[in-house]
$ cat structure-v7.cif   # mmCIF, C-alpha atoms
data_upload
#
loop_
_atom_site.label_atom_id
_atom_site.label_comp_id
_atom_site.auth_asym_id
_atom_site.auth_seq_id
_atom_site.Cartn_x
_atom_site.Cartn_y
_atom_site.Cartn_z
CA MET A 1 13.43 3.43 -1.54
CA VAL A 2 11.48 4.73 -4.54
CA ARG A 3 10.17 8.25 -3.91
CA ASN A 4 8.47 9.15 -7.20
CA SER A 5 5.25 7.42 -6.32
CA TRP A 6 1.90 7.84 -4.59
CA TYR A 7 1.84 6.17 -1.17
CA VAL A 8 -0.96 5.89 1.37
CA ILE A 9 -0.39 7.86 4.57
CA GLY A 10 -3.59 6.83 6.34
CA PHE A 11 -7.32 6.18 6.28
CA ARG A 12 -9.52 9.09 5.24
CA HIS A 13 -11.26 9.00 8.63
CA GLU A 14 -7.92 9.68 10.37
CA PHE A 15 -7.87 13.18 8.89
CA ASP A 16 -9.69 15.50 11.28
CA ARG A 17 -8.96 18.55 13.44
CA THR A 18 -6.38 16.65 15.47
CA LEU A 19 -2.71 16.85 14.45
CA LYS A 20 -1.30 13.38 13.77
CA GLN A 21 2.12 12.00 12.87
CA ARG A 22 3.25 9.09 10.73
CA TRP A 23 6.74 8.18 9.50
CA ILE A 24 6.89 7.74 5.71
CA LEU A 25 10.12 6.87 3.81
CA GLY A 26 12.18 7.61 6.90
CA GLU A 27 10.65 11.06 7.45
CA PRO A 28 8.04 12.24 10.01
CA LEU A 29 4.93 13.78 8.49
CA CYS A 30 2.11 15.71 10.14
CA PHE A 31 -1.42 15.49 8.78
CA TYR A 32 -4.86 16.93 9.48
CA GLU A 33 -8.00 18.28 7.79
CA SER A 34 -8.64 21.97 7.16
CA ARG A 35 -11.94 23.57 8.11
CA GLU A 36 -12.89 23.45 4.42
CA GLY A 37 -12.11 19.73 4.19
CA GLU A 38 -8.69 19.97 2.52
CA LEU A 39 -6.30 17.11 3.32
CA ILE A 40 -3.14 18.74 4.72
CA VAL A 41 0.18 16.84 4.92
CA LEU A 42 3.32 18.71 6.06
CA ASP A 43 6.86 17.90 7.05
CA ASP A 44 6.52 17.27 10.79
CA ARG A 45 9.22 19.61 12.02
CA CYS A 46 9.29 23.26 12.89
CA ALA A 47 11.77 25.03 10.61
CA HIS A 48 13.22 26.74 13.70
CA ARG A 49 14.47 23.93 15.97
CA ARG A 50 12.77 20.79 14.56
CA PHE A 51 10.12 20.54 17.25
CA PRO A 52 7.31 18.25 15.97
CA LEU A 53 4.41 20.21 14.50
CA SER A 54 2.19 17.21 15.34
CA ALA A 55 2.88 17.98 19.03
CA SER A 56 1.96 21.64 18.58
CA THR A 57 -1.29 23.64 18.37
CA LEU A 58 -3.75 23.69 15.46
CA LEU A 59 -5.34 27.16 15.19
CA ASP A 60 -8.80 28.07 13.94
CA ASP A 61 -7.38 29.39 10.64
CA ASP A 62 -5.75 25.97 9.91
CA SER A 63 -2.27 27.23 10.85
CA ILE A 64 -0.02 25.35 13.27
CA ARG A 65 1.71 27.23 16.07
CA CYS A 66 4.86 25.48 17.27
CA LYS A 67 4.59 24.62 20.93
CA TYR A 68 8.30 25.33 21.51
CA HIS A 69 8.82 28.96 20.38
CA GLY A 70 5.57 29.93 18.69
CA PHE A 71 6.70 29.87 15.05
CA THR A 72 3.48 29.64 13.04
CA PHE A 73 2.97 27.84 9.71
CA ASN A 74 -0.09 28.10 7.48
CA SER A 75 -1.71 25.15 5.70
CA GLU A 76 0.65 25.66 2.74
CA GLY A 77 3.63 25.16 5.05
CA ARG A 78 4.77 28.79 4.91
CA CYS A 79 5.95 30.46 8.11
CA THR A 80 3.74 33.47 8.86
CA LEU A 81 5.01 34.45 12.31
CA MET A 82 8.41 34.40 14.00
CA PRO A 83 8.01 35.60 17.61
CA GLY A 84 11.02 37.52 18.88
CA GLY A 85 11.69 39.36 15.64
CA GLY A 86 12.73 38.62 12.11
CA GLN A 87 10.89 38.34 8.81
CA PRO A 88 9.64 34.85 7.87
CA ARG A 89 10.28 35.30 4.13
CA GLY A 90 11.50 32.02 2.63
CA VAL A 91 10.95 30.07 5.86
CA GLY A 92 8.63 27.10 5.77
CA VAL A 93 8.17 23.34 5.67
CA ARG A 94 7.33 21.02 2.81
CA LYS A 95 3.71 20.38 1.88
CA TYR A 96 2.84 17.10 0.16
CA PRO A 97 0.17 16.70 -2.56
CA ALA A 98 -2.64 14.55 -1.13
CA VAL A 99 -5.71 12.90 -2.67
CA HIS A 100 -8.53 10.70 -1.40
CA ARG A 101 -9.10 7.37 -3.18
CA GLY A 102 -11.04 4.45 -1.74
CA PRO A 103 -10.81 4.35 2.06
CA PHE A 104 -7.34 5.96 1.97
CA VAL A 105 -5.41 9.21 1.57
CA TRP A 106 -2.47 9.05 -0.82
CA ILE A 107 0.49 11.45 -0.94
CA TRP A 108 3.09 12.14 -3.62
CA THR A 109 6.54 11.78 -2.08
CA GLY A 110 8.65 12.68 -5.11
CA ASP A 111 10.82 15.81 -5.00
CA ASN A 112 8.82 17.64 -7.68
CA PRO A 113 5.13 18.20 -6.77
CA GLU A 114 4.44 18.98 -10.44
CA ASP A 115 5.01 15.28 -11.17
CA ALA A 116 2.08 14.35 -8.90
CA ASP A 117 -0.18 13.03 -11.67
CA GLU A 118 -3.36 11.76 -10.00
CA ASP A 119 -3.80 9.22 -12.80
CA LEU A 120 -0.87 7.38 -11.18
CA VAL A 121 -2.89 6.72 -8.01
CA ALA A 122 -3.43 2.99 -8.52
CA TRP A 123 -6.84 2.44 -6.95
CA PRO A 124 -9.40 0.25 -8.80
CA GLU A 125 -12.93 1.26 -9.65
CA LEU A 126 -15.07 -0.79 -7.24
CA GLU A 127 -18.78 -0.51 -8.00
CA GLY A 128 -21.44 -2.16 -5.86
CA GLY A 129 -20.64 -5.21 -3.80
CA ALA A 130 -19.13 -4.91 -0.34
CA ILE A 131 -15.76 -3.77 1.00
CA VAL A 132 -13.88 -4.05 4.31
CA SER A 133 -10.42 -2.73 5.13
CA GLY A 134 -7.69 -2.74 7.75
CA TYR A 135 -4.06 -2.01 8.56
CA TYR A 136 -1.01 -3.76 9.94
CA HIS A 137 2.63 -2.91 10.47
CA ASN A 138 5.39 -5.04 8.94
CA ASP A 139 8.82 -5.38 10.53
CA GLY A 140 10.25 -5.86 7.05
CA ASN A 141 11.17 -3.63 4.13
CA TYR A 142 8.69 -2.84 1.39
CA SER A 143 10.45 -4.96 -1.22
CA LEU A 144 9.90 -8.06 0.95
CA VAL A 145 6.23 -7.14 1.36
CA LEU A 146 5.68 -6.68 -2.38
CA GLU A 147 7.54 -9.91 -3.13
CA ASN A 148 5.28 -11.70 -0.65
CA LEU A 149 2.23 -10.44 -2.55
CA LEU A 150 3.66 -11.78 -5.82
CA ASP A 151 4.55 -15.16 -4.31
CA LEU A 152 1.21 -16.81 -3.71
CA THR A 153 2.55 -20.37 -3.54
CA HIS A 154 3.07 -19.64 0.17
CA LEU A 155 -0.73 -19.73 0.62
CA GLN A 156 -0.72 -23.52 0.99
CA PHE A 157 2.06 -23.61 3.56
CA LEU A 158 1.94 -20.34 5.51
CA HIS A 159 -1.82 -19.80 5.51
CA GLY A 160 -3.07 -23.35 5.01
CA VAL A 161 -5.31 -22.37 2.07
CA GLY A 162 -5.14 -22.80 -1.70
CA GLY A 163 -3.91 -26.38 -1.72
CA GLU A 164 -1.85 -28.23 -4.28
CA GLY A 165 -4.14 -27.20 -7.13
CA PHE A 166 -3.07 -23.59 -6.75
CA THR A 167 0.55 -24.34 -5.92
CA ASN A 168 1.03 -26.59 -8.96
CA ALA A 169 -1.01 -24.59 -11.47
CA LYS A 170 1.10 -23.06 -14.25
CA LEU A 171 2.19 -19.48 -13.61
CA GLU A 172 1.89 -17.10 -16.56
CA LEU A 173 3.36 -13.59 -16.40
CA LEU A 174 1.05 -10.75 -17.36
CA LYS A 175 2.16 -8.70 -20.38
CA PRO A 176 2.64 -4.90 -20.33
CA SER A 177 -0.53 -4.62 -22.45
CA ASP A 178 -2.50 -6.29 -19.62
CA PHE A 179 -1.95 -3.24 -17.39
CA PRO A 180 -3.28 0.33 -17.65
CA ALA A 181 -0.96 2.31 -19.94
CA GLN A 182 0.25 4.69 -17.21
CA PHE A 183 1.73 1.77 -15.24
CA LYS A 184 3.50 -0.08 -18.07
CA ASP A 185 6.98 0.86 -16.79
CA THR A 186 6.36 -0.21 -13.20
CA ALA A 187 3.78 -3.02 -13.28
CA VAL A 188 4.51 -6.69 -12.66
CA GLY A 189 2.00 -9.51 -12.33
CA PHE A 190 0.98 -13.07 -13.10
CA TYR A 191 -2.09 -15.28 -13.34
CA LYS A 192 -2.97 -18.91 -12.79
CA GLU A 193 -6.03 -20.81 -14.05
CA TRP A 194 -7.19 -24.26 -12.99
CA ASP A 195 -10.30 -26.31 -12.19
CA ASP A 196 -11.23 -26.11 -8.53
CA VAL A 197 -14.16 -25.71 -6.14
CA MET A 198 -15.29 -22.38 -4.75
CA GLY A 199 -13.74 -23.00 -1.34
CA MET A 200 -13.35 -20.63 1.60
CA PHE A 201 -14.83 -17.47 0.05
CA ALA A 202 -18.05 -19.19 -1.10
CA GLY A 203 -19.90 -18.67 2.17
CA ASN A 204 -19.45 -14.91 1.84
CA GLY A 205 -21.74 -14.96 -1.17
CA GLY A 206 -24.12 -17.60 0.13
CA ASP A 207 -22.77 -20.21 -2.30
CA ASP A 208 -21.86 -23.88 -1.86
CA PRO A 209 -18.08 -24.25 -1.25
CA GLU A 210 -18.10 -27.51 -3.28
CA VAL A 211 -19.41 -25.97 -6.52
CA PRO A 212 -16.92 -26.86 -9.32
CA ILE A 213 -15.45 -23.76 -10.93
CA ARG A 214 -12.77 -22.56 -13.29
CA ARG A 215 -10.68 -20.37 -11.01
CA ARG A 216 -8.44 -17.56 -12.22
CA THR A 217 -6.11 -15.90 -9.73
CA GLU A 218 -4.13 -12.77 -10.55
CA ALA A 219 -1.47 -11.02 -8.49
CA ARG A 220 -0.46 -7.52 -9.58
CA VAL A 221 1.91 -4.79 -8.44
CA LEU A 222 1.17 -1.59 -10.36
CA THR A 223 3.41 0.85 -8.50
CA PRO A 224 5.85 0.69 -5.57
CA GLY A 225 2.89 1.65 -3.37
CA TYR A 226 0.10 -0.59 -4.67
CA ALA A 227 -0.51 -4.31 -5.16
CA CYS A 228 -3.66 -6.39 -5.49
CA GLY A 229 -4.93 -9.92 -5.79
CA ILE A 230 -7.92 -10.71 -8.01
CA GLU A 231 -10.02 -13.87 -8.01
CA PHE A 232 -12.55 -14.92 -10.68
CA TYR A 233 -15.01 -17.79 -10.10
CA ASP A 234 -16.74 -19.22 -13.19
CA PRO A 235 -18.92 -22.33 -12.64
CA LEU A 236 -17.89 -25.27 -14.82
CA ASP A 237 -21.55 -26.22 -15.28
CA ALA A 238 -23.23 -23.53 -17.38
CA GLY A 239 -26.50 -24.27 -15.60
CA THR A 240 -25.10 -23.58 -12.13
CA GLU A 241 -26.04 -20.24 -10.58
CA THR A 242 -23.54 -18.66 -8.17
CA LYS A 243 -23.59 -15.20 -6.62
CA LEU A 244 -19.91 -14.68 -5.87
CA ARG A 245 -18.00 -14.15 -9.12
CA LYS A 246 -15.14 -11.77 -8.32
CA VAL A 247 -12.93 -10.79 -5.36
CA ILE A 248 -10.32 -8.01 -5.29
CA VAL A 249 -7.86 -7.61 -2.42
CA PRO A 250 -5.96 -4.30 -2.80
CA HIS A 251 -2.88 -3.55 -0.69
CA ALA A 252 -1.40 -0.08 -0.17
CA ILE A 253 2.28 -0.58 0.64
CA THR A 254 4.15 2.38 2.18
CA PRO A 255 7.74 2.25 3.44
CA ALA A 256 8.00 3.62 6.97
CA ASN A 257 11.78 3.43 6.59
CA GLY A 258 14.32 1.05 5.10
CA HIS A 259 13.27 -1.89 7.28
CA GLU A 260 9.62 -1.31 8.28
CA THR A 261 6.50 -1.03 6.15
CA HIS A 262 2.94 0.22 6.58
CA GLN A 263 0.36 -2.01 4.91
CA TRP A 264 -3.24 -0.96 4.43
CA TRP A 265 -5.49 -3.56 2.87
CA ALA A 266 -9.03 -3.88 1.58
CA TYR A 267 -11.25 -6.76 0.54
CA TRP A 268 -14.00 -6.29 -2.06
CA GLN A 269 -16.45 -8.76 -3.54
CA ASN A 270 -19.25 -8.33 -6.04
CA THR A 271 -21.98 -9.41 -3.57
CA PRO A 272 -22.87 -8.54 0.04
CA ILE A 273 -20.73 -10.33 2.64
CA ILE A 274 -23.15 -12.84 4.15
CA SER A 275 -20.92 -13.67 7.11
CA GLY A 276 -20.92 -10.02 8.19
CA GLU A 277 -18.39 -7.34 7.34
CA GLU A 278 -16.83 -7.04 10.78
CA ALA A 279 -16.41 -10.80 11.15
CA TRP A 280 -14.84 -11.10 7.71
CA ALA A 281 -12.48 -8.17 8.36
CA ASN A 282 -11.29 -10.03 11.46
CA THR A 283 -10.76 -13.20 9.41
CA MET A 284 -8.70 -11.35 6.81
CA SER A 285 -6.65 -9.64 9.53
CA THR A 286 -5.81 -13.03 11.02
CA ILE A 287 -4.62 -14.28 7.62
CA PHE A 288 -2.40 -11.24 7.12
CA LEU A 289 -0.80 -11.74 10.53
CA ASP A 290 0.84 -14.84 9.02
CA ASP A 291 2.48 -12.64 6.36
CA GLU A 292 3.57 -10.13 9.00
CA PHE A 293 5.22 -12.97 10.92
CA ALA A 294 7.04 -14.38 7.87
CA VAL A 295 8.24 -11.04 6.51
CA GLY A 296 9.47 -10.01 9.96
CA LYS A 297 11.49 -13.19 10.36
CA ILE A 298 13.08 -12.79 6.92
CA GLN A 299 13.99 -9.16 7.64
CA GLN A 300 15.50 -10.17 10.99
CA TYR A 301 17.76 -12.75 9.34
CA ALA A 302 18.67 -10.37 6.51
CA GLU A 303 19.92 -7.88 9.11
CA THR A 304 21.68 -10.28 11.49
CA ASP A 305 22.95 -13.24 9.46
CA ASP A 306 26.12 -11.88 7.84
CA ARG A 307 27.77 -15.19 6.97
CA SER A 308 29.63 -15.16 3.66
CA GLY A 309 28.48 -17.53 0.95
CA VAL A 310 24.86 -17.68 2.13
CA ARG A 311 22.48 -16.92 -0.72
CA GLU A 312 18.90 -17.46 -1.86
CA HIS A 313 18.00 -20.28 -4.24
CA SER A 314 14.96 -19.24 -6.29
CA CYS A 315 12.56 -21.41 -8.27
CA ALA A 316 10.19 -20.98 -11.21
CA GLY A 317 7.40 -19.73 -8.94
CA ASP A 318 9.55 -16.76 -7.90
CA VAL A 319 9.72 -15.16 -11.34
CA ALA A 320 7.22 -12.34 -10.61
CA ALA A 321 8.65 -11.64 -7.14
CA LEU A 322 12.17 -11.39 -8.55
CA ARG A 323 10.93 -9.09 -11.30
CA ILE A 324 9.43 -6.60 -8.84
CA ARG A 325 12.66 -6.70 -6.83
CA ARG A 326 14.60 -5.73 -9.96
CA THR A 327 12.01 -3.10 -10.88
CA LEU A 328 12.33 -1.39 -7.49
CA HIS A 329 16.13 -1.40 -7.81
CA ARG A 330 15.87 0.09 -11.31
CA LEU A 331 13.46 2.85 -10.27
CA ALA A 332 15.52 3.79 -7.21
CA ALA A 333 18.74 3.84 -9.26
CA THR A 334 17.12 6.09 -11.87
CA GLU A 335 16.05 8.52 -9.15
CA ARG A 336 19.52 8.57 -7.60
CA LYS A 337 21.11 9.27 -10.99
CA ALA A 338 18.68 12.10 -11.74
CA LYS A 339 19.30 13.66 -8.33
CA ALA A 340 23.07 13.47 -8.79
CA GLU A 341 22.79 15.16 -12.19
CA ARG A 342 20.75 18.02 -10.68
CA SER A 343 23.24 18.65 -7.87
#

$ encode --input "structure-v7.cif" --output "structure tokens"
Amino acid sequence: MVRNSWYVIGFRHEFDRTLKQRWILGEPLCFYESREGELIVLDDRCAHRRFPLSASTLLDDDSIRCKYHGFTFNSEGRCTLMPGGGQPRGVGVRKYPAVHRGPFVWIWTGDNPEDADEDLVAWPELEGGAIVSGYYHNDGNYSLVLENLLDLTHLQFLHGVGGEGFTNAKLELLKPSDFPAQFKDTAVGFYKEWDDVMGMFAGNGGDDPEVPIRRRTEARVLTPGYACGIEFYDPLDAGTETKLRKVIVPHAITPANGHETHQWWAYWQNTPIISGEEAWANTMSTIFLDDEFAVGKIQQYAETDDRSGVREHSCAGDVAALRIRRTLHRLAATERKAKAERS
């Protein structure tokens, strides 16, 4: 798993005066909000006997007192009290850099907190319009999830949307210059353009689903923790007025461990959602359950089918998905090499 990245740990509204736990990259983390509104994320283990800090007591000064033996840690993770004697110098737990972007809180999981450049938080600028969001848990590793998001030909068959026009449209890879400069070493994406009708999203803007358009679909992965789909709708008739012109569907992808993945998603469009935000959030959640099902089945077979000679047979439509797979392998290998050189 790639660690030098910003990953979402939760919704902003989950941070309050209640201690919470979430497993990220195979490690338990504890998170809460300080009285001054700081987003606190700590290693969820007492440095004494590994009792979960998330199952302990949050004090008025933002410290956590371990419920097992009373060891106390301030909001920086430093131990300030060791009941029973001893000086707490050098005793503590890791604190993770955390920032708020969009509906989410992102943390830097790399070993060096000085590398936590906030410009590498890959959240788009979304002005106006309307946004809904949600979460689901994948029983599959994060590479499978990212590959799924760069493999949109499954829309016709798994989700029953898109149709042959999308499936058969020519896939063009995006160039490094198409991405923000800070993501040029990690970004992968493609686009397709074809003549179509507005289709299923049209009603959200109050438009006619049968209006002929030139559709452009983009799928992008900017970092190991962020992917998005982008839709552009341009009427073929210059005299046709439509309200809905652009849709962005961001996904925050966070490995829970080597075989499970957290997935937070959002849906944004440039106009109000006519069908109602709650109803549309439910519709999107239903669509994503198909992906959860497929990724889980693939992970299950990857773990249990150990026959020799069984391999994948890829096609032209898999080029972007295979590229992100190789990118993740490259980034993880670079991190392992750097760690070995430091030790």

$ residues_near_point --input "structure-v7.cif" --point "(11.1, -0.5, -7.9)" --cutoff "10 Å" --atoms "only C-alpha atoms" --output "PyMOL selection string"
chain A and resi 1-3+5+142-143+146+185-187+223-225+323-334

$ residues_around --input "structure-v7.cif" --residues "A:His137" --least-positions-apart "2" --cutoff "9 Å" --atoms "all atoms listed in the file" --output "PyMOL selection string"
chain A and resi 135+139-140+260-264+292

$ atom_distance --input "structure-v7.cif" --atom1 "atom CA of A:Gly129" --atom2 "atom CA of A:Gly229"
16.5 Å

$ atom_distance --input "structure-v7.cif" --atom1 "atom CA of A:Trp123" --atom2 "atom CA of A:Phe183"
11.9 Å

$ resolve_selection --input "structure-v7.cif" --expression "the PyMOL selection byres ((chain A and resi 73) around 12)" --output "compact mmCIF listing (two decimals) with C-alpha atoms, keeping the file's coordinate frame"
# COMPACT_ATOMS: atom_id res chain seq x y z
CA LEU A 42 3.32 18.71 6.06
CA ASP A 43 6.86 17.90 7.05
CA ASP A 44 6.52 17.27 10.79
CA ARG A 45 9.22 19.61 12.02
CA CYS A 46 9.29 23.26 12.89
CA ALA A 47 11.77 25.03 10.61
CA HIS A 48 13.22 26.74 13.70
CA LEU A 53 4.41 20.21 14.50
CA SER A 56 1.96 21.64 18.58
CA THR A 57 -1.29 23.64 18.37
CA LEU A 58 -3.75 23.69 15.46
CA LEU A 59 -5.34 27.16 15.19
CA ASP A 61 -7.38 29.39 10.64
CA ASP A 62 -5.75 25.97 9.91
CA SER A 63 -2.27 27.23 10.85
CA ILE A 64 -0.02 25.35 13.27
CA ARG A 65 1.71 27.23 16.07
CA CYS A 66 4.86 25.48 17.27
CA LYS A 67 4.59 24.62 20.93
CA GLY A 70 5.57 29.93 18.69
CA PHE A 71 6.70 29.87 15.05
CA THR A 72 3.48 29.64 13.04
CA ASN A 74 -0.09 28.10 7.48
CA SER A 75 -1.71 25.15 5.70
CA GLU A 76 0.65 25.66 2.74
CA GLY A 77 3.63 25.16 5.05
CA ARG A 78 4.77 28.79 4.91
CA CYS A 79 5.95 30.46 8.11
CA THR A 80 3.74 33.47 8.86
CA LEU A 81 5.01 34.45 12.31
CA MET A 82 8.41 34.40 14.00
CA PRO A 88 9.64 34.85 7.87
CA ARG A 89 10.28 35.30 4.13
CA GLY A 90 11.50 32.02 2.63
CA VAL A 91 10.95 30.07 5.86
CA GLY A 92 8.63 27.10 5.77
CA VAL A 93 8.17 23.34 5.67
CA ARG A 94 7.33 21.02 2.81
CA LYS A 95 3.71 20.38 1.88

$ resolve_selection --input "structure-v7.cif" --expression "the PyMOL selection byres ((chain A and resi 109) around 8)" --output "list in words"
Arg3, Asn4, Ser5, Trp6, Tyr7, Tyr96, Ile107, Trp108, Gly110 and Asp111 of chain A

$ atom_distance --input "structure-v7.cif" --atom1 "atom CA of A:Trp265" --atom2 "atom CA of A:Tyr136"
8.4 Å

$ resolve_selection --input "structure-v7.cif" --expression "the PyMOL selection byres ((chain A and resi 298) around 12)" --output "PDB file with C-alpha atoms, in the coordinates of the input"
ATOM      1  CA  ASN A 138       5.390  -5.040   8.940  1.00  0.00           C
ATOM      2  CA  ASP A 139       8.820  -5.380  10.530  1.00  0.00           C
ATOM      3  CA  GLY A 140      10.250  -5.860   7.050  1.00  0.00           C
ATOM      4  CA  ASN A 141      11.170  -3.630   4.130  1.00  0.00           C
ATOM      5  CA  SER A 143      10.450  -4.960  -1.220  1.00  0.00           C
ATOM      6  CA  LEU A 144       9.900  -8.060   0.950  1.00  0.00           C
ATOM      7  CA  VAL A 145       6.230  -7.140   1.360  1.00  0.00           C
ATOM      8  CA  GLU A 147       7.540  -9.910  -3.130  1.00  0.00           C
ATOM      9  CA  ASN A 148       5.280 -11.700  -0.650  1.00  0.00           C
ATOM     10  CA  HIS A 259      13.270  -1.890   7.280  1.00  0.00           C
ATOM     11  CA  ASP A 291       2.480 -12.640   6.360  1.00  0.00           C
ATOM     12  CA  GLU A 292       3.570 -10.130   9.000  1.00  0.00           C
ATOM     13  CA  PHE A 293       5.220 -12.970  10.920  1.00  0.00           C
ATOM     14  CA  ALA A 294       7.040 -14.380   7.870  1.00  0.00           C
ATOM     15  CA  VAL A 295       8.240 -11.040   6.510  1.00  0.00           C
ATOM     16  CA  GLY A 296       9.470 -10.010   9.960  1.00  0.00           C
ATOM     17  CA  LYS A 297      11.490 -13.190  10.360  1.00  0.00           C
ATOM     18  CA  GLN A 299      13.990  -9.160   7.640  1.00  0.00           C
ATOM     19  CA  GLN A 300      15.500 -10.170  10.990  1.00  0.00           C
ATOM     20  CA  TYR A 301      17.760 -12.750   9.340  1.00  0.00           C
ATOM     21  CA  ALA A 302      18.670 -10.370   6.510  1.00  0.00           C
ATOM     22  CA  GLU A 303      19.920  -7.880   9.110  1.00  0.00           C
ATOM     23  CA  THR A 304      21.680 -10.280  11.490  1.00  0.00           C
ATOM     24  CA  ASP A 305      22.950 -13.240   9.460  1.00  0.00           C
ATOM     25  CA  GLU A 312      18.900 -17.460  -1.860  1.00  0.00           C
TER      26      GLU A 312
END

$ decode --input "structure-v7.cif" --residues "stretch 6-24 of chain A" --atoms "N, CA and C atoms" --output "PDB file, in the first residue's frame"
ATOM      1  N   TRP A   6      -2.275  11.699   0.821  1.00  0.00           N
ATOM      2  CA  TRP A   6      -3.400  12.146   1.642  1.00  0.00           C
ATOM      3  C   TRP A   6      -4.570  11.187   1.409  1.00  0.00           C
ATOM      4  N   TYR A   7      -5.132  10.681   2.499  1.00  0.00           N
ATOM      5  CA  TYR A   7      -6.306   9.820   2.431  1.00  0.00           C
ATOM      6  C   TYR A   7      -7.406  10.379   3.333  1.00  0.00           C
ATOM      7  N   VAL A   8      -8.639  10.179   2.941  1.00  0.00           N
ATOM      8  CA  VAL A   8      -9.758  10.583   3.787  1.00  0.00           C
ATOM      9  C   VAL A   8      -9.900   9.595   4.942  1.00  0.00           C
ATOM     10  N   ILE A   9     -10.117  10.145   6.144  1.00  0.00           N
ATOM     11  CA  ILE A   9     -10.393   9.307   7.313  1.00  0.00           C
ATOM     12  C   ILE A   9     -11.865   9.356   7.700  1.00  0.00           C
ATOM     13  N   GLY A  10     -12.586  10.406   7.270  1.00  0.00           N
ATOM     14  CA  GLY A  10     -14.003  10.473   7.603  1.00  0.00           C
ATOM     15  C   GLY A  10     -14.635  11.771   7.143  1.00  0.00           C
ATOM     16  N   PHE A  11     -15.939  11.872   7.314  1.00  0.00           N
ATOM     17  CA  PHE A  11     -16.651  13.121   7.069  1.00  0.00           C
ATOM     18  C   PHE A  11     -16.273  14.155   8.135  1.00  0.00           C
ATOM     19  N   ARG A  12     -16.331  15.410   7.757  1.00  0.00           N
ATOM     20  CA  ARG A  12     -16.042  16.471   8.731  1.00  0.00           C
ATOM     21  C   ARG A  12     -16.999  16.405   9.914  1.00  0.00           C
ATOM     22  N   HIS A  13     -18.258  16.076   9.665  1.00  0.00           N
ATOM     23  CA  HIS A  13     -19.241  16.071  10.752  1.00  0.00           C
ATOM     24  C   HIS A  13     -19.005  14.944  11.757  1.00  0.00           C
ATOM     25  N   GLU A  14     -18.148  13.956  11.410  1.00  0.00           N
ATOM     26  CA  GLU A  14     -17.838  12.888  12.353  1.00  0.00           C
ATOM     27  C   GLU A  14     -16.880  13.347  13.446  1.00  0.00           C
ATOM     28  N   PHE A  15     -16.177  14.437  13.202  1.00  0.00           N
ATOM     29  CA  PHE A  15     -15.242  14.960  14.193  1.00  0.00           C
ATOM     30  C   PHE A  15     -16.004  15.811  15.201  1.00  0.00           C
ATOM     31  N   ASP A  16     -16.082  15.330  16.438  1.00  0.00           N
ATOM     32  CA  ASP A  16     -16.737  16.067  17.504  1.00  0.00           C
ATOM     33  C   ASP A  16     -16.039  15.729  18.816  1.00  0.00           C
ATOM     34  N   ARG A  17     -16.751  15.844  19.921  1.00  0.00           N
ATOM     35  CA  ARG A  17     -16.131  15.605  21.229  1.00  0.00           C
ATOM     36  C   ARG A  17     -16.281  14.146  21.673  1.00  0.00           C
ATOM     37  N   THR A  18     -16.549  13.286  20.707  1.00  0.00           N
ATOM     38  CA  THR A  18     -16.616  11.854  20.974  1.00  0.00           C
ATOM     39  C   THR A  18     -15.423  11.179  20.321  1.00  0.00           C
ATOM     40  N   LEU A  19     -14.709  10.344  21.051  1.00  0.00           N
ATOM     41  CA  LEU A  19     -13.569   9.620  20.494  1.00  0.00           C
ATOM     42  C   LEU A  19     -14.066   8.529  19.542  1.00  0.00           C
ATOM     43  N   LYS A  20     -13.499   8.497  18.347  1.00  0.00           N
ATOM     44  CA  LYS A  20     -13.906   7.518  17.338  1.00  0.00           C
ATOM     45  C   LYS A  20     -12.682   6.794  16.807  1.00  0.00           C
ATOM     46  N   GLN A  21     -12.918   5.612  16.238  1.00  0.00           N
ATOM     47  CA  GLN A  21     -11.836   4.798  15.680  1.00  0.00           C
ATOM     48  C   GLN A  21     -12.132   4.445  14.235  1.00  0.00           C
ATOM     49  N   ARG A  22     -11.090   4.413  13.410  1.00  0.00           N
ATOM     50  CA  ARG A  22     -11.211   3.870  12.059  1.00  0.00           C
ATOM     51  C   ARG A  22      -9.866   3.261  11.672  1.00  0.00           C
ATOM     52  N   TRP A  23      -9.898   2.112  11.023  1.00  0.00           N
ATOM     53  CA  TRP A  23      -8.679   1.453  10.571  1.00  0.00           C
ATOM     54  C   TRP A  23      -8.279   2.012   9.210  1.00  0.00           C
ATOM     55  N   ILE A  24      -7.035   2.492   9.112  1.00  0.00           N
ATOM     56  CA  ILE A  24      -6.493   3.071   7.891  1.00  0.00           C
ATOM     57  C   ILE A  24      -5.138   2.423   7.611  1.00  0.00           C
TER      58      ILE A  24
END
